[in-house]
Amino acid sequence: MANSYYDPADLRKFGKITEWSEEIGNKFFDYYGKVFEEGALSAREKSLIALAVAHVVKCPYCIDAYTKDGLQRGITKEEMMEAVHAGAAIESGATLVHGVQMMNKYNKLSM
Amino acid sequence: MATKSLKARQVELAENDTQLDILNGGIFADGELPYFKDKIAEIGQFPLRPKKLEILQINVGYMCNQVCEHCHVDAGPDRKEIMTRETMEQCLEVIRNTGAHTLDLTGGAPEMNPNFRWFVEEAAKAGIRDFIVRSNLTIMRANKKYYDLPQFFKKHRVHVVSSMPHYTRGKTDKQRGDGVFDKSIKALQELNAVGYGLPDSELKLDLVYNPSGAYLPGDQAALERDFKKALIEDFGIHFHNLFAITNLPIARFLDYLIASENYEDYMYALVDAYNPAAVANVMCTNTISVSWDGWLYDCDFNQMLGLKVASKVKHIADYNEDLLNNRNIIISQHCYGCTAGAGSSCQGTVA
Ligand code: SF4
Ligand code: SF4
């Protein structure tokens, strides 16, 4: 057993999850592959969205994967960082908008 | 960025045997990853055999005005290996009689060979259908004596293939050195000015893109779209095709992979991206590569690894196309670079 929760080498083994549940595993990878094809959004745009989400869900595997994917697509580091900021802004906004709930509660409880 | 070749720095990796030991050992020897040989045997392609010869690629010397970090030639200003006029004459004899339809001059910076212009003039007379010169662009701005290269190329109807790692300054200069981007842009504008690369122009100007790091090139068509859009919008530059070429783990790129601790991941990425459909069209199946000193190789990569053709004929002086076509191609694990994804060759993707 590895003595840490995350091992970069595990990313290469992602495909193996189908071994213990073939049908739904394959369905997931088919879906995943389809999602990132060129569509109404370009594959390049989707790669940047994936990078932003990877940061928001704080998945180190996805961050590695979509940084590399961005490099392969010729995406610049400035574009990547802006995508991360877009994710971070939504995430911090989501925290801060709860401030309204705090204000509501405060007001309700205060005389 | 280093300003000297591995060879001049006397780095151990400059030795062919050291490189081959790495490519044949480690994760391949301990069975973690399969040997290329076994992989192509699965589809009945071992031993790998040539098809019809189409391209004669001649490396006229390893001297270069640049010292790019990813260079598989380990080229640079300090390299002294330069093709002599005698060897060029032997090459011309072959060019006049070959069945190949494409002649491809490469280096180093081929323009730095003192007999380059004479060689181009003579070779152009042979009437080969497609006559390529691989130019790194900055050479055209390196010294006044090269300023007229665009006109010279035009006069001899040369097909110019130039390297351009990115359409942004930062990425280009990081891979190739400071100032490379601006000089390359200027050179492209000069080529456009004499008619190269313009839509419908017969003066062909193609660009080569290599990733600037330990990752594989993305989709060639998408990269071409991005390059075209950026170069037209920002600089009014036109070109015809973009070839996305995978960096092979050889010479300086191998040195970089090892020093940056990316070697194993990179080899995994190449093996993961192995595409059996690319095998039938890898470059060595239609190309012969000639070195500055006249030796024959399956490709420019094997040349840099010192792996001469496995044929009775090993030198341009004894050139015999029929005998050469009847050889087995020498392969090693660097070959995974040619079969990853859509495949990779000097003419871009192959699958
Ligand atoms: S990659 Fe090309 S331009 Fe760069 S050092 Fe090598 S031969 Fe010269
Ligand atoms: S590296 Fe050379 S020998 Fe190997 S597959 Fe590529 S072209 Fe062929």
# chains A, B, ... in the order shown; residues from 1 in each chain; ligands from 1
>>> residues_near_ligand(ligand="ligand 1", cutoff="7 Å", atoms="only C-alpha atoms and all ligand atoms", output="PyMOL selection string")
chain B and resi 62+64-68+70-76+107-109+136+176
>>> closest_atom_pairs(of="chain B", to="ligand 2", cutoff="10 Å", atoms="only C-alpha atoms and all ligand atoms", output="tab-separated table")
residue	atom	partner	partner_atom_place_in_ligand_line	distance
B:Phe36	CA	ligand 2	5 (S)	9.1
B:Leu48	CA	ligand 2	8 (Fe)	8.3
B:Arg49	CA	ligand 2	8 (Fe)	9.6
B:Pro50	CA	ligand 2	8 (Fe)	9.4
B:Leu248	CA	ligand 2	1 (S)	7.6
B:Pro249	CA	ligand 2	1 (S)	9.6
B:Ile250	CA	ligand 2	1 (S)	9.7
B:Ala278	CA	ligand 2	5 (S)	9.5
B:Val279	CA	ligand 2	5 (S)	7.4
B:Ala280	CA	ligand 2	5 (S)	9.5
B:Asn281	CA	ligand 2	5 (S)	8.9
B:Val282	CA	ligand 2	5 (S)	5.4
B:Met283	CA	ligand 2	7 (S)	4.4
B:Cys284	CA	ligand 2	7 (S)	4.1
B:Thr285	CA	ligand 2	8 (Fe)	6.9
B:Asn286	CA	ligand 2	7 (S)	9.1
B:Thr287	CA	ligand 2	7 (S)	8.1
B:Ile288	CA	ligand 2	7 (S)	9.6
B:Ser289	CA	ligand 2	2 (Fe)	9.6
B:Tyr297	CA	ligand 2	3 (S)	8.6
B:Asp298	CA	ligand 2	3 (S)	5.6
B:Cys299	CA	ligand 2	2 (Fe)	4.6
B:Asp300	CA	ligand 2	2 (Fe)	6.8
B:Phe301	CA	ligand 2	1 (S)	5.4
B:Asn302	CA	ligand 2	2 (Fe)	5.6
B:Gln303	CA	ligand 2	2 (Fe)	8.7
B:Leu305	CA	ligand 2	1 (S)	9.8
B:Leu307	CA	ligand 2	3 (S)	9.2
B:Val309	CA	ligand 2	3 (S)	9.7
B:Asn328	CA	ligand 2	3 (S)	9.9
B:Ile329	CA	ligand 2	3 (S)	6.1
B:Ile330	CA	ligand 2	3 (S)	5.8
B:Ile331	CA	ligand 2	4 (Fe)	5.0
B:Ser332	CA	ligand 2	4 (Fe)	6.6
B:Gln333	CA	ligand 2	4 (Fe)	7.9
B:His334	CA	ligand 2	1 (S)	5.7
B:Cys335	CA	ligand 2	4 (Fe)	3.7
B:Tyr336	CA	ligand 2	5 (S)	6.9
B:Gly337	CA	ligand 2	6 (Fe)	6.8
B:Cys338	CA	ligand 2	6 (Fe)	4.7
B:Thr339	CA	ligand 2	5 (S)	7.1
B:Gly343	CA	ligand 2	6 (Fe)	9.3
B:Ser344	CA	ligand 2	6 (Fe)	7.9
B:Ser345	CA	ligand 2	7 (S)	7.0
B:Cys346	CA	ligand 2	7 (S)	9.0
>>> closest_atom_pairs(of="chain B", to="chain A", cutoff="12 Å", atoms="only C-alpha atoms", output="tab-separated table")
residue	atom	partner	partner_atom	distance
B:Pro165	CA	A:Gly74	CA	9.5
B:His166	CA	A:Gly74	CA	7.5
B:Tyr167	CA	A:Gly74	CA	9.0
B:Thr168	CA	A:Thr76	CA	8.4
B:Arg169	CA	A:Thr76	CA	10.9
B:Gly170	CA	A:Thr76	CA	9.3
B:Lys171	CA	A:Thr76	CA	8.3
B:Thr172	CA	A:Gly74	CA	11.5
B:Tyr209	CA	A:Gly74	CA	10.1
B:Asn210	CA	A:Gln72	CA	10.0
B:Pro211	CA	A:Gln72	CA	7.1
B:Ser212	CA	A:Leu71	CA	8.7
B:Gly213	CA	A:Leu71	CA	8.6
B:Ala214	CA	A:Lys68	CA	8.8
B:Tyr215	CA	A:Gln72	CA	6.4
B:Leu216	CA	A:Gln72	CA	5.9
B:Pro217	CA	A:Gln72	CA	5.0
B:Gly218	CA	A:Gln72	CA	4.5
B:Asp219	CA	A:Arg73	CA	7.1
B:Gln220	CA	A:Arg73	CA	9.2
B:Ala221	CA	A:Arg73	CA	10.6
B:Ala222	CA	A:Arg73	CA	7.8
B:Leu223	CA	A:Arg73	CA	6.8
B:Glu224	CA	A:Gly74	CA	10.4
B:Arg225	CA	A:Gly74	CA	11.1
B:Asp226	CA	A:Gly74	CA	8.3
B:Phe227	CA	A:Gly74	CA	9.2
B:Ala230	CA	A:Gly74	CA	11.6
B:Ala244	CA	A:Gln72	CA	10.4
B:Ile245	CA	A:Gln72	CA	11.5
B:Thr246	CA	A:Gln72	CA	10.6
B:Glu264	CA	A:Ala9	CA	10.3
B:Asp265	CA	A:Ala9	CA	8.6
B:Tyr266	CA	A:Lys68	CA	11.3
B:Tyr268	CA	A:Arg12	CA	8.4
B:Ala269	CA	A:Arg12	CA	9.0
B:Val271	CA	A:Arg12	CA	11.4
B:Asp272	CA	A:Arg12	CA	8.8
B:Ala273	CA	A:Arg12	CA	11.8
B:Gly341	CA	A:Gln72	CA	11.9
>>> select_by_dssp(residues="chain A", states="helix (DSSP H, G or I)", output="PyMOL selection string")
chain A and resi 8-20+22-35+43-56+60-72+77-109
>>> select_by_dssp(residues="stretch 61-131 of chain B", states="strand (DSSP E or B)", output="count of residues only")
11
